[in-house]
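**Student:** Structure below; questions to follow.
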Amino acid sequence: MAELKDLTKRSEDYSRWYNELVVKADLAEQSAVRGCMVIKPYGYAIWEKMQQTLDKMFKATGVQNAYFPLLIPKSFLCREAEHVEGFAKECAVVTHYRLKNDPDGNGVIVDPEARLEEELIVRPTSETIIWGTYKNWIQSYRDLPILCNQWANVMRWEMRTRMFLRTAEFLWQEGHTAHATAEEAEDRTVQMINVYADFAEKYMAVPVIKGVKSANERFAGALNTYTIEAMMQDGKALQSGTSHFLGQNFAKAFDVTFVNKDNKPEYVWASSWGVSTRLMGALIMTHSDDNGLVLPPHLAPIQVVIVPVSKNAEQLAEVDKVVAPIVDNLRARDISVKYDNADNKRPGFKFADYELKGVPVRLVLGARDIANGTIEVMRRDTLEKTVVPLEGIEDYVQSLLEEIQSNIFQKALKLRESMTRTVETYDEFKVEIEKGGFILAHWDGTPETEDKIKEETKATIRCIPLDGDTTPGTCMVTGKPSKQRVIFARAY
RNA sequence: CGGAGUGUAGCGCAGUCCGGUUAGCGUACCUGCUUUGGGAGCAGGGGGUCGCGAGUUCGAAUCUCGCCACUCCGACCA
């Protein structure tokens, strides 16, 4: 694999490095269908862990899972004007419901007789179909709130795709809530962005900045969009999760009202929020190095791999005997272990392969160790090797896993901090943005200024940070007043 | 949709300019033996409509024309 330290300088090489890593680490591959991706078992195992963890976190806040149809009648998508405009260009459309044999003998063709009266859209997101459904579920304030989430696939016909970061079809979860009051809906919006931030930092070990999107970057049909923004190792920003306060826009578009305590009809208030397989991209790009993937222990499908070293079958049998109780003890502590005693691959191959796949801890045991009562431990994040006593190895491994988890988070945080600068003038900004990273600057709050900056520098406002410095100042471009500094960056 | 490039074994490529043995190399795969503390060595073996179609020619991976697909850079991307 090409070397990461050289590639961060040039983004086109960084994406080549990234693609190569995704394939070599056995996470995914391009499919025959344009812009689509096959997620392979190892990649899916990581996604599954993310999914399970998030699902638990959602349920702890009262959310329930449900499932809504893949296909959306075209008329549904048109109801909310801004929403249509935001998604229309990238929708896949179903126009027919039948094939027939080609009279010329070339397999099958679309039966022209079987045109649908109303075209169906493959969901790019499910707000419309869900609000079309919620209308039937909601009569009274007693029916509220509704807190539903669905795990699903969606499709957006993107012009250019990258594995995990932007694919035509992707897996995600989308939560859709309905509330009696604006406050309650907005609280839920904020609550969920906090869940996402917790998940990113505690499980993925990816530091994120919570913030609010500018009007330009806001979700089509939302009043307010909250986001978590991460920084990749090449200094580009990656929007990793969003939570939208939808106001009454969809309730009005789909005529969803409830009767309040005073027996008066009111439109329902809404939120929606989602994260996708894009998080896999964030995970890969945040921690990987020249030897391959580095997985956070909290999400690694294999947390510990044990590799035996032996000269013959008798020696291997000896090692098997010593390893067996270690495997049991680690599993008893909920640590996932793989003992790879396959004799068709040599140890050196296994070392390299498990490093490529990002397994956090590797144990190596051979005749030499058994004689000494020791075992070799290698941690993936620093690649350091230590020989420790066999006695108490389980405790050692357990605390090492936690140390790796916090170490890779700290490392990513340090990188982000070192690549975050504050600028005062637009000239200074133009110089700094070329170096990558996050730039904190004052902005007058207008879309016009944001557009001008984007056009001239390719940088966008990633977010207006929630926990940032709120000292007012003057816009670096127009000199007009600014409430606080916002984060600019080039983004994926 | 614009600019550039690529299509030859599962993957990565050479050969194409200048047409001419049975289309080659690396890797992966299969068999056997030896190996095993950082991606093993040797020997043998299988695998190809050279992207598709037409043309030129005694003869095309190679030349001509047309088409298709993919990759990268832009445009686009809540």
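Lettering and numbering for the structure tokens are positional, with chains as A, B, ... in the shown order, residues counted from 1 in each chain, and ligands counted from 1 in the shown order.
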Contacts from chain B to chain A, 7 Å maximum, only C-alpha atoms (C1' of nucleotides): show me the residue list as a list in words.
**Tutor:**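 Residues passing the distance filter: U36, G37, G38, G39, C76, C77 and A78 of chain B.
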**Student:** Just want the 8 Å neighbourhood of Val359 (chain A), counted on only C-alpha atoms (C1' of nucleotides), with same-chain residues fewer than 2 positions away dropped. Output as a ChimeraX atom specification.
**Tutor:** /A:294-295,300,302-305,354-355,357,361-362,380
**Student:** May I have all residues of region 42-84 of chain A that DSSP, computed from the backbone, assigns to helix (DSSP H, G or I), given as an NGL selection string?
**Tutor:** :A and (42-60 or 74-77 or 81-84)
**Student:** Show which residues sit within 8 Å of Leu165 (chain A), as a list in words. Count only C-alpha atoms (C1' of nucleotides), and ignore same-chain residues fewer than 3 positions away.
**Tutor:**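 Result of the neighbour search: Thr161, Arg162, Thr277, Arg278, Leu279, Met280, Gly281, Ala282 and Tyr492 of chain A.
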**Student:** Keeping only N, CA and C atoms, write those residues as a tab-separated table (two decimals), in the first residue's frame.
**Tutor:**
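Result file follows (out09.tsv):
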chain	number	residue	atom	x	y	z
A	161	THR	N	-19.18	8.95	-7.13
A	161	THR	CA	-19.30	8.20	-5.89
A	161	THR	C	-17.94	7.77	-5.38
A	162	ARG	N	-17.87	7.49	-4.09
A	162	ARG	CA	-16.69	6.94	-3.44
A	162	ARG	C	-17.18	5.93	-2.44
A	277	THR	N	-23.83	4.47	6.38
A	277	THR	CA	-22.58	3.74	6.21
A	277	THR	C	-21.42	4.70	5.94
A	278	ARG	N	-21.72	5.96	5.74
A	278	ARG	CA	-20.66	6.96	5.63
A	278	ARG	C	-19.78	6.97	6.89
A	279	LEU	N	-20.41	6.60	8.02
A	279	LEU	CA	-19.64	6.51	9.27
A	279	LEU	C	-18.48	5.54	9.13
A	280	MET	N	-18.66	4.52	8.29
A	280	MET	CA	-17.57	3.58	8.04
A	280	MET	C	-16.41	4.32	7.39
A	281	GLY	N	-16.74	5.21	6.47
A	281	GLY	CA	-15.71	6.02	5.83
A	281	GLY	C	-14.97	6.86	6.85
A	282	ALA	N	-15.74	7.45	7.78
A	282	ALA	CA	-15.14	8.28	8.82
A	282	ALA	C	-14.19	7.45	9.68
A	492	TYR	N	-15.75	16.51	2.20
A	492	TYR	CA	-16.07	15.36	1.35
A	492	TYR	C	-17.52	15.42	0.94
**Student:** Excluding Thr128 (chain A) and residues on its chain fewer than 3 positions from it, collect all residues at most 6 Å away from it, counting only C-alpha atoms (C1' of nucleotides), and give them as a list in words.
**Tutor:** Phe76, Leu77 and Trp131 of chain A
**Student:** Skip Gln150 (chain A) itself and residues of its chain fewer than 6 positions away, then list as number ranges by chain all residues within 6 Å of it, counting only C-alpha atoms (C1' of nucleotides).
**Tutor:** A: 65-67, 173-174
**Student:** With N, CA and C atoms retained, could you export that selection as a compact mmCIF listing (two decimals), in the first residue's frame?
**Tutor:**
# COMPACT_ATOMS: atom_id res chain seq x y z
N ASN A 65 -38.34 0.86 16.59
CA ASN A 65 -38.07 0.61 15.18
C ASN A 65 -39.35 0.27 14.42
N ALA A 66 -39.39 0.68 13.15
CA ALA A 66 -40.50 0.37 12.26
C ALA A 66 -39.93 0.28 10.85
N TYR A 67 -40.75 -0.08 9.90
CA TYR A 67 -40.26 -0.13 8.51
C TYR A 67 -41.30 0.41 7.55
N GLN A 173 -29.85 4.64 9.07
CA GLN A 173 -31.05 4.66 9.89
C GLN A 173 -31.61 6.06 9.75
N GLU A 174 -32.93 6.15 9.75
CA GLU A 174 -33.56 7.46 9.75
C GLU A 174 -34.65 7.45 10.82
**Student:** Give me the residues near Tyr134 (chain A) as a PyMOL selection string, where near means some atom within 12 Å (using only C-alpha atoms (C1' of nucleotides)) and where sequence neighbours in that chain fewer than 2 positions away do not count.
**Tutor:** chain A and resi 68+126-132+136-139+143-148+176-179+250-251+254-258+268-270
**Student:** Which of these, B:A60, B:C52, B:C72, B:A28, has the shortest distance to A4 (chain B) once you count only C-alpha atoms (C1' of nucleotides)?
**Tutor:**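 Using only C-alpha atoms (C1' of nucleotides), the shortest distance to A4 (chain B) belongs to B:C72.
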